[in-house]
Structures are given as C-alpha cells and as structure tokens.
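Visitor: Okay, so here is run26.pdb, and as you'll see once you scroll down, it has PDB, C-alpha atoms, pLDDT in the B column.
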```pdb
ATOM      1  CA  MET A   1      74.210  21.844  81.065  1.00 47.00           C
ATOM      2  CA  ASN A   2      72.772  19.385  78.564  1.00 66.00           C
ATOM      3  CA  SER A   3      73.808  19.362  74.922  1.00 90.00           C
ATOM      4  CA  LEU A   4      70.681  21.191  73.756  1.00 93.00           C
ATOM      5  CA  GLY A   5      71.495  23.967  76.216  1.00 93.00           C
ATOM      6  CA  VAL A   6      75.018  24.242  74.772  1.00 94.00           C
ATOM      7  CA  VAL A   7      73.610  24.309  71.226  1.00 95.00           C
ATOM      8  CA  LYS A   8      71.159  27.030  72.277  1.00 96.00           C
ATOM      9  CA  ASN A   9      74.041  29.117  73.654  1.00 95.00           C
ATOM     10  CA  ILE A  10      76.037  28.703  70.430  1.00 96.00           C
ATOM     11  CA  VAL A  11      73.053  29.537  68.217  1.00 96.00           C
ATOM     12  CA  GLU A  12      72.178  32.608  70.273  1.00 96.00           C
ATOM     13  CA  ALA A  13      75.816  33.757  70.257  1.00 95.00           C
ATOM     14  CA  VAL A  14      75.527  34.347  66.501  1.00 94.00           C
ATOM     15  CA  GLY A  15      72.119  36.054  66.759  1.00 94.00           C
ATOM     16  CA  MET A  16      69.937  33.105  65.768  1.00 94.00           C
ATOM     17  CA  ASP A  17      67.142  31.305  67.591  1.00 95.00           C
ATOM     18  CA  ILE A  18      65.943  27.723  67.880  1.00 96.00           C
ATOM     19  CA  SER A  19      62.346  27.253  66.779  1.00 94.00           C
ATOM     20  CA  TYR A  20      61.903  23.550  67.543  1.00 93.00           C
ATOM     21  CA  ALA A  21      63.854  20.524  68.724  1.00 94.00           C
ATOM     22  CA  TYR A  22      62.713  16.981  67.957  1.00 91.00           C
ATOM     23  CA  GLU A  23      64.713  13.874  68.871  1.00 91.00           C
ATOM     24  CA  ASP A  24      68.197  14.487  67.416  1.00 93.00           C
ATOM     25  CA  LEU A  25      67.210  17.441  65.180  1.00 94.00           C
ATOM     26  CA  VAL A  26      67.242  21.138  66.018  1.00 96.00           C
ATOM     27  CA  PHE A  27      65.339  23.498  63.716  1.00 94.00           C
ATOM     28  CA  LEU A  28      66.309  27.142  63.623  1.00 93.00           C
ATOM     29  CA  GLU A  29      64.049  30.159  63.044  1.00 89.00           C
ATOM     30  CA  HIS A  30      64.851  30.032  59.330  1.00 78.00           C
ATOM     31  CA  ASN A  31      65.161  26.826  57.347  1.00 71.00           C
ATOM     32  CA  GLY A  32      68.434  27.556  55.544  1.00 89.00           C
ATOM     33  CA  PHE A  33      69.954  24.792  57.615  1.00 91.00           C
ATOM     34  CA  LEU A  34      69.226  22.514  60.545  1.00 94.00           C
ATOM     35  CA  LEU A  35      71.318  20.902  63.239  1.00 96.00           C
ATOM     36  CA  GLN A  36      71.575  17.223  64.110  1.00 95.00           C
ATOM     37  CA  PHE A  37      73.278  15.629  67.075  1.00 95.00           C
ATOM     38  CA  SER A  38      75.688  12.914  65.929  1.00 91.00           C
ATOM     39  CA  GLU A  39      75.006   9.318  66.936  1.00 87.00           C
ATOM     40  CA  ASN A  40      77.640   9.466  69.666  1.00 84.00           C
ATOM     41  CA  GLY A  41      76.512  12.921  70.829  1.00 80.00           C
ATOM     42  CA  GLN A  42      80.059  14.277  70.612  1.00 88.00           C
ATOM     43  CA  GLU A  43      79.391  16.715  67.751  1.00 94.00           C
ATOM     44  CA  VAL A  44      76.595  18.518  65.961  1.00 96.00           C
ATOM     45  CA  LEU A  45      76.134  18.213  62.196  1.00 96.00           C
ATOM     46  CA  VAL A  46      75.052  21.341  60.330  1.00 96.00           C
ATOM     47  CA  HIS A  47      72.941  20.339  57.309  1.00 95.00           C
ATOM     48  CA  VAL A  48      72.190  22.932  54.611  1.00 94.00           C
ATOM     49  CA  ASN A  49      68.826  23.177  52.845  1.00 94.00           C
ATOM     50  CA  ARG A  50      69.316  22.507  49.134  1.00 94.00           C
ATOM     51  CA  GLU A  51      66.869  25.356  48.334  1.00 93.00           C
ATOM     52  CA  ALA A  52      68.674  27.964  50.455  1.00 93.00           C
ATOM     53  CA  ASP A  53      70.944  30.621  49.019  1.00 92.00           C
ATOM     54  CA  GLN A  54      74.181  28.649  49.363  1.00 90.00           C
ATOM     55  CA  ALA A  55      76.373  31.743  49.811  1.00 91.00           C
ATOM     56  CA  VAL A  56      74.225  33.066  52.674  1.00 91.00           C
ATOM     57  CA  ALA A  57      73.835  29.640  54.270  1.00 91.00           C
ATOM     58  CA  GLY A  58      77.573  29.010  53.952  1.00 91.00           C
ATOM     59  CA  HIS A  59      78.354  32.279  55.722  1.00 93.00           C
ATOM     60  CA  ASP A  60      75.887  31.454  58.526  1.00 93.00           C
ATOM     61  CA  VAL A  61      77.302  27.934  58.881  1.00 93.00           C
ATOM     62  CA  ASP A  62      80.824  29.354  59.148  1.00 94.00           C
ATOM     63  CA  ARG A  63      79.635  31.698  61.919  1.00 94.00           C
ATOM     64  CA  LEU A  64      78.143  28.743  63.820  1.00 94.00           C
ATOM     65  CA  LEU A  65      81.286  26.644  63.400  1.00 95.00           C
ATOM     66  CA  ALA A  66      83.409  29.515  64.728  1.00 95.00           C
ATOM     67  CA  ALA A  67      81.098  30.129  67.708  1.00 95.00           C
ATOM     68  CA  ALA A  68      81.138  26.409  68.556  1.00 96.00           C
ATOM     69  CA  LEU A  69      84.932  26.536  68.958  1.00 94.00           C
ATOM     70  CA  ASP A  70      84.359  28.244  72.328  1.00 90.00           C
ATOM     71  CA  HIS A  71      82.386  25.242  73.622  1.00 90.00           C
ATOM     72  CA  ASP A  72      83.016  21.548  74.206  1.00 84.00           C
ATOM     73  CA  LEU A  73      80.540  20.533  71.505  1.00 91.00           C
ATOM     74  CA  PRO A  74      82.042  20.910  68.022  1.00 94.00           C
ATOM     75  CA  PHE A  75      79.849  21.718  65.023  1.00 95.00           C
ATOM     76  CA  VAL A  76      80.823  20.138  61.690  1.00 95.00           C
ATOM     77  CA  LYS A  77      79.461  20.468  58.167  1.00 94.00           C
ATOM     78  CA  GLY A  78      76.876  17.840  57.342  1.00 94.00           C
ATOM     79  CA  SER A  79      74.993  17.194  54.111  1.00 94.00           C
ATOM     80  CA  LEU A  80      72.407  18.891  51.931  1.00 95.00           C
ATOM     81  CA  TYR A  81      68.737  18.225  52.629  1.00 95.00           C
ATOM     82  CA  THR A  82      65.307  18.938  51.195  1.00 94.00           C
ATOM     83  CA  LEU A  83      62.245  19.675  53.255  1.00 88.00           C
ATOM     84  CA  SER A  84      58.672  19.034  52.108  1.00 90.00           C
ATOM     85  CA  GLN A  85      55.218  18.971  53.668  1.00 89.00           C
ATOM     86  CA  GLU A  86      54.013  15.373  53.907  1.00 87.00           C
ATOM     87  CA  ASP A  87      50.555  16.141  55.323  1.00 89.00           C
ATOM     88  CA  ASP A  88      48.949  18.683  57.674  1.00 86.00           C
ATOM     89  CA  GLU A  89      51.039  17.618  60.656  1.00 88.00           C
ATOM     90  CA  ASN A  90      54.208  16.056  59.238  1.00 89.00           C
ATOM     91  CA  ILE A  91      57.181  17.173  57.242  1.00 88.00           C
ATOM     92  CA  ARG A  92      59.585  15.026  55.263  1.00 92.00           C
ATOM     93  CA  ILE A  93      63.330  15.596  55.406  1.00 93.00           C
ATOM     94  CA  GLU A  94      65.536  13.906  52.848  1.00 94.00           C
ATOM     95  CA  PHE A  95      69.285  14.037  53.327  1.00 93.00           C
ATOM     96  CA  SER A  96      71.487  13.845  50.254  1.00 89.00           C
ATOM     97  CA  ALA A  97      74.047  11.040  50.086  1.00 69.00           C
ATOM     98  CA  ALA A  98      76.560  13.444  48.559  1.00 58.00           C
ATOM     99  CA  GLY A  99      76.894  15.972  51.339  1.00 51.00           C
ATOM    100  CA  CYS A 100      78.414  19.387  51.650  1.00 53.00           C
ATOM    101  CA  ARG A 101      81.290  18.379  53.921  1.00 46.00           C
ATOM    102  CA  GLY A 102      84.571  19.986  53.251  1.00 44.00           C
TER     103      GLY A 102
END
```
Please render this file's structure as structure tokens.
Guide:
Amino acid sequence: MNSLGVVKNIVEAVGMDISYAYEDLVFLEHNGFLLQFSENGQEVLVHVNREADQAVAGHDVDRLLAAALDHDLPFVKGSLYTLSQEDDENIRIEFSAAGCRG
C-alpha cells in the first residue's frame, strides 16, 4: 500500500476524511489542520491552521498521532499555517517559522 493509502486508513480510523491530496499535502474535510509528507517520506507532519480553535485542533491532532502508532508511518506535530484565497483557482498556504512542535 502506498503512503497515501496508509494516511487514508489512519485518517478514517479517527472518523475523518481526506478531501484532496496535492503533491506532498493532504487536505482533510475541515481545514483545522493539514498533513504533509516529510521530505524523506518517513513521517507525516500535522500542521495546524492558525485560525482554528486550538483546543479542538489539538485534540484532533492527538487522536491522529495515536492512530498512527498502529502503522509504519508516524505522524508528528508540524507548524502553524494560514490559508488564504489567492485567486479563483489557487489558494496560498503560509507556514509559520515558529511551529507548534512539542
């Protein structure tokens, strides 16, 4: 099974769904956070939307991290990000240098 298939299994195990995957990013049905495959493909970063309710997003991230323990593809906390509409067809994602790791 490819890595996206493993991510899909982990996401679905906690009752969430993937809405879109593009290159190394995986967008979930809600935009409280998004997933990003690491450069080496050995882990998945979980980035939290700066505008999301941090308590809710933190709880959901913890559920994903726990579910990922049952698979060979670890999830780790990434950074904060902001999402904005650039034009009719494109969005802009800006990752914060000071992340939410920890």
Visitor: Considering only C-alpha atoms, can you say which of A:Glu51, A:Asp87, A:Ile10, A:Ser38 comes closest to Asp72 in chain A?
Guide: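 The closest residue to Asp72 in chain A is A:Ile10.
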Visitor: Please provide the set of residues having any atom within 12 Å of Ala21 in chain A, restricted to only C-alpha atoms, with same-chain residues fewer than 5 positions apart removed, written as number ranges by chain.
Guide: A: 3-5, 7-8, 26-29, 34-37
Visitor: If the PyMOL selection byres ((chain A and resi 57) around 12) is run on the structure shown, which residues does it catch, given as a list of chain:residue names?
Guide: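 Checked against the file, the PyMOL selection byres ((chain A and resi 57) around 12) matches A:His30, A:Asn31, A:Gly32, A:Phe33, A:Leu34, A:Val46, A:His47, A:Val48, A:Asn49, A:Arg50, A:Glu51, A:Ala52, A:Asp53, A:Gln54, A:Ala55, A:Val56, A:Gly58, A:His59, A:Asp60, A:Val61, A:Asp62, A:Arg63, A:Leu64, A:Lys77, A:Leu80, A:Cys100.
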Visitor: Return the single residue from A:Glu43, A:Leu65, A:Gln85, A:Arg92 that is closest to Val14 in chain A, with distances computed using all atoms listed in the file.
Guide: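 Ranked by minimum distance to Val14 in chain A, first place goes to A:Leu65.
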Visitor: So how far away is CA of Gly15 in chain A from CA of Glu39 in chain A, in Å?
Guide: 26.9 Å
Visitor: Just to confirm, what's the straight-line distance from CA of Phe95 in chain A to CA of Gly78 in chain A in Å (one decimal)?
Guide: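 It comes out at 9.4 Å.
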Visitor: Considering all atoms listed in the file, can you say which of A:Val11, A:Leu25, A:Val76, A:Met16 comes closest to Gln42 in chain A?
Guide: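 The shortest atom-to-atom distance to Gln42 in chain A comes from A:Val76.
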Visitor: Between CA of Thr82 in chain A and CA of Asn9 in chain A, what is the spacing in Å?
Guide: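 Here the two named atoms are 26.2 Å from each other.
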Visitor: Taking all atoms of range 12-15 of chain A that the file lists, what box with edges along x, y and z, padded by 8 Å per side, do you get, with centre and edge lengths in Å to one decimal, as AutoDock Vina command-line options?
Guide:
```
--center_x 74.0 --center_y 34.3 --center_z 68.4 --size_x 19.7 --size_y 19.4 --size_z 19.8
```
Visitor: From the options A:Ala68, A:Tyr81, A:Ser96, A:Leu73, which residue's atoms come nearest to Glu12 in chain A, counting all atoms listed in the file?
Guide: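 Of the candidates, the smallest distance to Glu12 in chain A is held by A:Ala68.
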Visitor: For each of A:Ser79, A:Gly41, A:Ala67, A:Ser84, take the minimum atom-to-atom distance to Glu23 in chain A, counting all atoms listed in the file, then give the residue where this is smallest.
Guide: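 Of A:Ser79, A:Gly41, A:Ala67, A:Ser84, the one nearest Glu23 in chain A is A:Gly41, counting all atoms listed in the file.
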Visitor: When distances are computed from only C-alpha atoms, which of A:Ile93, A:Val6, A:Leu69, A:Val44 shows the smallest separation from Asp24 in chain A?
Guide: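 Among A:Ile93, A:Val6, A:Leu69, A:Val44, it is A:Val44 that comes nearest to Asp24 in chain A.
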